[in-house]
Amino acid sequence: SSSKKVLTIGAGGEVNLLLNQYSKKNSFDLVSFDIEKKMMPDIMGDICTFDFKEEKYDYVVIVEVLEHLHSPHLAISNIKSILNKGGKIILTVPFIFPIHERPYDYYRFTKYGLEFLFKGFTNLKIKERNSWLEAINVLFVRLVMDRNLISRFLAPFFIILAYINLPFIWILSKVIRTDFITTGYLVTASKDWT
């Protein structure tokens, strides 16, 4: 079959729902992978150590998962080994972002740490998810995720304030350009043909 094979690491969630819909419309083979049985993945295992045998993929999608892995460098190495030559990885990670999925939230990555993790890839692109002021705004909105009742009570007010401030935030973000704060990064990279 000439159909592209796509592995998505971290089963479930909106991204995988969209990938499933997209795969049906565009005829590519989508395989889900997760360490949690309750996520009902096609393959269950630890991406840091799982042996895929001879299985290869054209694309690997890993959205908001790397921060939850005990050994991200092993995961990236394993992903590279299962990519076909010229294959691509698409990955997102948080940077300035609240702790989530406790106690399995281990890491935050700078763009320099990501460059180091992906040093064996080509066509590496790392893009900030948003501006510094948008990141600060998001942190207020994310108070809704906090366990503290006062934070949860105040969160709706911060959400309203965040929307009211959007035009001001957009303008100020354009005037003061800096990459020192973002909520996270989008990474794309390729496995070399050689």
# chains A, B, ... in the order shown; residues from 1 in each chain; ligands from 1
>>> select_by_dssp(residues="stretch 93-156 of chain A", states="strand (DSSP E or B)", output="JSON, numbers by chain")
{"A": [93, 94, 122, 123, 124, 125, 126, 127, 128]}
>>> write_last_selection(atoms="N, CA, C and O atoms", output="short mmCIF file (atom, residue, chain, number, x, y, z; two decimals), in the first residue's frame")
data_model
loop_
_atom_site.label_atom_id
_atom_site.label_comp_id
_atom_site.auth_asym_id
_atom_site.auth_seq_id
_atom_site.Cartn_x
_atom_site.Cartn_y
_atom_site.Cartn_z
N VAL A 93 5.10 21.11 22.92
CA VAL A 93 5.45 21.00 24.34
C VAL A 93 5.13 22.31 25.04
O VAL A 93 5.18 23.37 24.43
N PRO A 94 4.81 22.24 26.34
CA PRO A 94 4.61 23.48 27.08
C PRO A 94 5.94 24.07 27.53
O PRO A 94 6.95 23.37 27.61
N THR A 122 16.92 16.87 10.63
CA THR A 122 17.11 17.97 9.68
C THR A 122 15.82 18.78 9.59
O THR A 122 14.78 18.36 10.10
N ASN A 123 15.91 19.92 8.91
CA ASN A 123 14.75 20.80 8.72
C ASN A 123 14.03 21.12 10.03
O ASN A 123 12.80 21.18 10.08
N LEU A 124 14.80 21.31 11.09
CA LEU A 124 14.23 21.59 12.40
C LEU A 124 13.64 23.00 12.43
O LEU A 124 14.31 23.97 12.09
N LYS A 125 12.37 23.07 12.82
CA LYS A 125 11.71 24.36 12.99
C LYS A 125 11.07 24.36 14.38
O LYS A 125 10.34 23.43 14.73
N ILE A 126 11.35 25.40 15.16
CA ILE A 126 10.79 25.54 16.50
C ILE A 126 10.11 26.90 16.55
O ILE A 126 10.75 27.93 16.36
N LYS A 127 8.81 26.89 16.79
CA LYS A 127 8.03 28.12 16.76
C LYS A 127 7.35 28.33 18.11
O LYS A 127 6.74 27.41 18.64
N GLU A 128 7.47 29.56 18.64
CA GLU A 128 6.77 29.88 19.88
C GLU A 128 5.27 29.82 19.63
O GLU A 128 4.78 30.23 18.59
#
>>> residues_around(residues="A:Phe140", least_positions_apart="3", cutoff="8 Å", atoms="only C-alpha atoms", output="list in words")
Ile136, Asn137, Leu143, Ala155, Phe158, Ile159 and Ala162 of chain A
>>> write_last_selection(atoms="C-alpha atoms", output="mmCIF file, in the first residue's frame")
data_model
loop_
_atom_site.group_PDB
_atom_site.id
_atom_site.type_symbol
_atom_site.label_atom_id
_atom_site.label_comp_id
_atom_site.auth_asym_id
_atom_site.auth_seq_id
_atom_site.Cartn_x
_atom_site.Cartn_y
_atom_site.Cartn_z
ATOM 1 C CA ILE A 136 0.885 35.795 30.863
ATOM 2 C CA ASN A 137 -2.790 36.166 29.930
ATOM 3 C CA LEU A 143 -6.367 29.282 37.169
ATOM 4 C CA ALA A 155 -10.940 32.124 37.243
ATOM 5 C CA PHE A 158 -9.862 36.379 34.801
ATOM 6 C CA ILE A 159 -11.297 34.732 31.684
ATOM 7 C CA ALA A 162 -8.464 38.117 29.371
#
>>> residues_around(residues="A:Lys38", least_positions_apart="6", cutoff="12 Å", atoms="only C-alpha atoms", output="list in words")
Gly10, Ala11, Gly12 and Met44 of chain A
>>> select_by_dssp(residues="chain A", states="alpha helix (DSSP H)", output="MDAnalysis selection string")
chainID A and resid 13:26 72:82 111:117 132:141 149:175
>>> residues_around(residues="A:Glu101", least_positions_apart="5", cutoff="12 Å", atoms="only C-alpha atoms", output="tab-separated table (two decimals) with all heavy atoms, in the first residue's frame")
chain	number	residue	atom	x	y	z
A	64	GLU	N	1.81	17.54	23.35
A	64	GLU	CA	1.72	17.75	24.79
A	64	GLU	C	1.94	16.45	25.57
A	64	GLU	O	1.22	16.15	26.52
A	64	GLU	CB	0.37	18.38	25.17
A	64	GLU	CG	0.06	19.68	24.45
A	64	GLU	CD	1.07	20.79	24.71
A	64	GLU	OE1	1.25	21.18	25.87
A	64	GLU	OE2	1.69	21.27	23.73
A	65	VAL	N	2.95	15.69	25.17
A	65	VAL	CA	3.27	14.42	25.82
A	65	VAL	C	4.70	14.42	26.37
A	65	VAL	O	4.95	13.86	27.44
A	65	VAL	CB	3.08	13.23	24.83
A	65	VAL	CG1	3.59	11.93	25.42
A	65	VAL	CG2	1.63	13.11	24.42
A	67	GLU	N	6.61	16.28	28.00
A	67	GLU	CA	6.83	16.72	29.39
A	67	GLU	C	6.43	15.66	30.41
A	67	GLU	O	6.82	15.73	31.56
A	67	GLU	CB	6.08	18.03	29.67
A	67	GLU	CG	4.57	17.93	29.76
A	67	GLU	CD	3.84	18.07	28.44
A	67	GLU	OE1	4.48	17.90	27.37
A	67	GLU	OE2	2.63	18.33	28.47
A	68	HIS	N	5.68	14.66	29.98
A	68	HIS	CA	5.21	13.59	30.88
A	68	HIS	C	6.09	12.34	30.82
A	68	HIS	O	5.83	11.38	31.53
A	68	HIS	CB	3.77	13.21	30.54
A	68	HIS	CG	2.82	14.35	30.65
A	68	HIS	ND1	2.49	14.94	31.86
A	68	HIS	CD2	2.13	15.04	29.71
A	68	HIS	CE1	1.64	15.92	31.64
A	68	HIS	NE2	1.42	16.00	30.35
A	69	LEU	N	7.10	12.35	29.99
A	69	LEU	CA	7.94	11.17	29.81
A	69	LEU	C	9.15	11.20	30.73
A	69	LEU	O	9.80	12.24	30.86
A	69	LEU	CB	8.40	11.06	28.35
A	69	LEU	CG	7.28	11.01	27.31
A	69	LEU	CD1	7.87	10.94	25.91
A	69	LEU	CD2	6.33	9.86	27.57
A	106	TYR	N	6.79	16.18	34.35
A	106	TYR	CA	8.20	16.17	34.74
A	106	TYR	C	9.04	17.33	34.22
A	106	TYR	O	9.99	17.75	34.87
A	106	TYR	CB	8.87	14.88	34.27
A	106	TYR	CG	8.24	13.61	34.79
A	106	TYR	CD1	7.91	12.58	33.92
A	106	TYR	CD2	7.98	13.44	36.14
A	106	TYR	CE1	7.35	11.40	34.39
A	106	TYR	CE2	7.42	12.26	36.62
A	106	TYR	CZ	7.11	11.25	35.74
A	106	TYR	OH	6.55	10.10	36.20
A	145	MET	N	-7.85	25.54	36.28
A	145	MET	CA	-7.32	24.18	36.48
A	145	MET	C	-6.80	23.95	37.90
A	145	MET	O	-6.56	22.81	38.28
A	145	MET	CB	-6.16	23.93	35.50
A	145	MET	CG	-6.56	23.92	34.05
A	145	MET	SD	-5.12	23.92	32.95
A	145	MET	CE	-4.31	22.39	33.40
A	146	ASP	N	-6.63	25.01	38.66
A	146	ASP	CA	-6.05	24.89	39.99
A	146	ASP	C	-7.02	24.20	40.94
A	146	ASP	O	-8.24	24.31	40.81
A	146	ASP	CB	-5.68	26.29	40.53
A	146	ASP	CG	-4.80	26.23	41.76
A	146	ASP	OD1	-4.28	25.14	42.09
A	146	ASP	OD2	-4.64	27.28	42.41
>>> atom_distance(atom1="atom CA of A:Glu14", atom2="atom CA of A:Thr182")
21.8 Å
>>> atom_distance(atom1="atom CA of A:Phe28", atom2="atom CA of A:Lys4")
5.0 Å
>>> residues_around(residues="A:Gly86", least_positions_apart="3", cutoff="8 Å", atoms="only C-alpha atoms", output="list in words")
Asp58, Leu83, Ser190, Lys191, Asp192 and Trp193 of chain A
>>> atom_distance(atom1="atom CA of A:Ile90", atom2="atom CA of A:Ile62")
6.3 Å
>>> residues_around(residues="A:Gly184", least_positions_apart="2", cutoff="9 Å", atoms="only C-alpha atoms", output="list in words")
Thr92, Val93, Pro94, Phe95, Ile96, Phe97, Arg108, Phe109, Thr110, Lys127, Glu128, Arg129, Asn130, Ala135, Ile181, Thr182 and Leu186 of chain A
>>> residues_around(residues="A:Ile82", least_positions_apart="2", cutoff="6 Å", atoms="only C-alpha atoms", output="list in words")
Lys56, Ile79 and Lys80 of chain A
